[in-house]
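Structure record follows, encoded as structure tokens.
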Amino acid sequence: MNPQIWWYVARASGVVGWILLTFSVLWGILIPAKFTKRQRPAWMLDLHRGLAGLTIGFVAIHLVAIMADSYVEFGLTDLVIPFVSDWKPVPVALGVLAMWLLVIVQATSLAMKHLPRRIWHRIHMMSYLTFFLTSLHGTFAGTDATSPLYQATSLAALAAVIFATVFRILIRRRPRSQPTPSTAAPAESSGRVRRSEMGTNSFGHQSLKPVKR
């Protein structure tokens, strides 16, 4: 077996996990947008959670592969406690922080029904920070950062998240359309019915009384 297999697995799982995180964040931003239906299908939220779950899975593979690789000696404490690693301590710490934020966001999402919505929402907003920390970790700690393909993908992911965020903010600030006169109350005409000419039927609803001419 190729002695560098674990290093390849670590690199690949890290990149795939980062791409899955990007799609999860993008989907989470666009789900509540106004262009979706008010009653959103359940599969939309399931897809968002599924992407987040897959992200955690690939992060776990990333950590196992890093510990199994012999290129850099990583212990468990190096991967779960920030600034403990001797190899690129700051970039590695960014990845550790992003990992814990991802776990917290996913755990609170699963327990959303048992949490006050305001608290859940504030914690869920850390998804933005998770994305940016992960992107910085991959740029400064990953060995593929010099690849033109990786750089193009990073720029595309960053631009997509920023664009989706601005789009959502603009959609939320857009004033709701007011009903037009034709769709509001029925137009009054010369044959209008006065409230004084209305009675109440046996079911408690208002009914018209004939008007004496």
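Each chain in the structure tokens gets a letter, A, B and so on, in the order shown; residues start at 1 in every chain, and ligands are counted from 1 in the order they appear.
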
Please identify all polymer residues within 12 Å of A:Tyr150, counting only C-alpha atoms, omitting same-chain residues fewer than 2 positions from it, and present them as an MDAnalysis selection string.
-> chainID A and resid 11:12 15:16 18:19 135 138:139 142:148 152:157

Could you pull out the alpha helix (DSSP H) residues of stretch 76-164 of chain A from DSSP and send them as a VMD selection string?
-> chain A and resid 76 to 80 89 to 110 117 to 124 126 to 141 148 to 164

Excluding stretch 3-8 of chain A and residues on its chain fewer than 2 positions from it, collect all residues at most 12 Å away from it, counting only C-alpha atoms, and give them as number ranges by chain.
-> A: 1, 10-15, 61-73, 142-144

Let me see the file: selected residues, C-alpha atoms, as a CSV table (one decimal), in the first residue's frame.
```csv
chain,number,residue,atom,x,y,z
A,1,MET,CA,0.0,0.0,0.0
A,10,ALA,CA,-6.8,13.5,4.6
A,11,ARG,CA,-6.4,16.1,1.8
A,12,ALA,CA,-9.4,14.7,-0.2
A,13,SER,CA,-11.7,14.4,2.8
A,14,GLY,CA,-10.8,17.9,3.9
A,15,VAL,CA,-11.6,19.4,0.5
A,61,ILE,CA,-12.5,11.0,8.1
A,62,HIS,CA,-10.2,14.0,7.8
A,63,LEU,CA,-9.1,13.7,11.5
A,64,VAL,CA,-8.6,10.0,11.4
A,65,ALA,CA,-6.5,10.1,8.3
A,66,ILE,CA,-4.4,12.9,9.7
A,67,MET,CA,-3.7,10.9,12.9
A,68,ALA,CA,-2.9,7.8,10.8
A,69,ASP,CA,-0.5,9.6,8.5
A,70,SER,CA,3.2,9.7,9.4
A,71,TYR,CA,4.1,12.8,7.5
A,72,VAL,CA,3.2,15.0,10.5
A,73,GLU,CA,2.8,13.5,13.9
A,142,GLY,CA,-3.7,22.7,3.3
A,143,THR,CA,-1.0,21.7,0.8
A,144,ASP,CA,-3.4,22.2,-2.1
```

Using only C-alpha atoms, find the one residue out of A:Gln151, A:Ser85, A:Ser24, A:Asn2 that sits nearest to A:Gln106.
->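 The answer is A:Ser24, which sits nearest to A:Gln106.
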
Using only C-alpha atoms, which residues sit within 7 Å of A:Leu133 once same-chain residues fewer than 3 positions away are excluded, as a list of chain:residue names?
->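 That gives A:Leu94, A:Gly95, A:Ala98, A:Leu129, A:Thr130, A:Leu136, A:His137.
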
Spatial neighbours of A:Met99, max dist 9 Å, only C-alpha atoms, sep filter under 3 positions, as a PyMOL selection string | chain A and resi 56+59+80+94-96+102-104+130+134
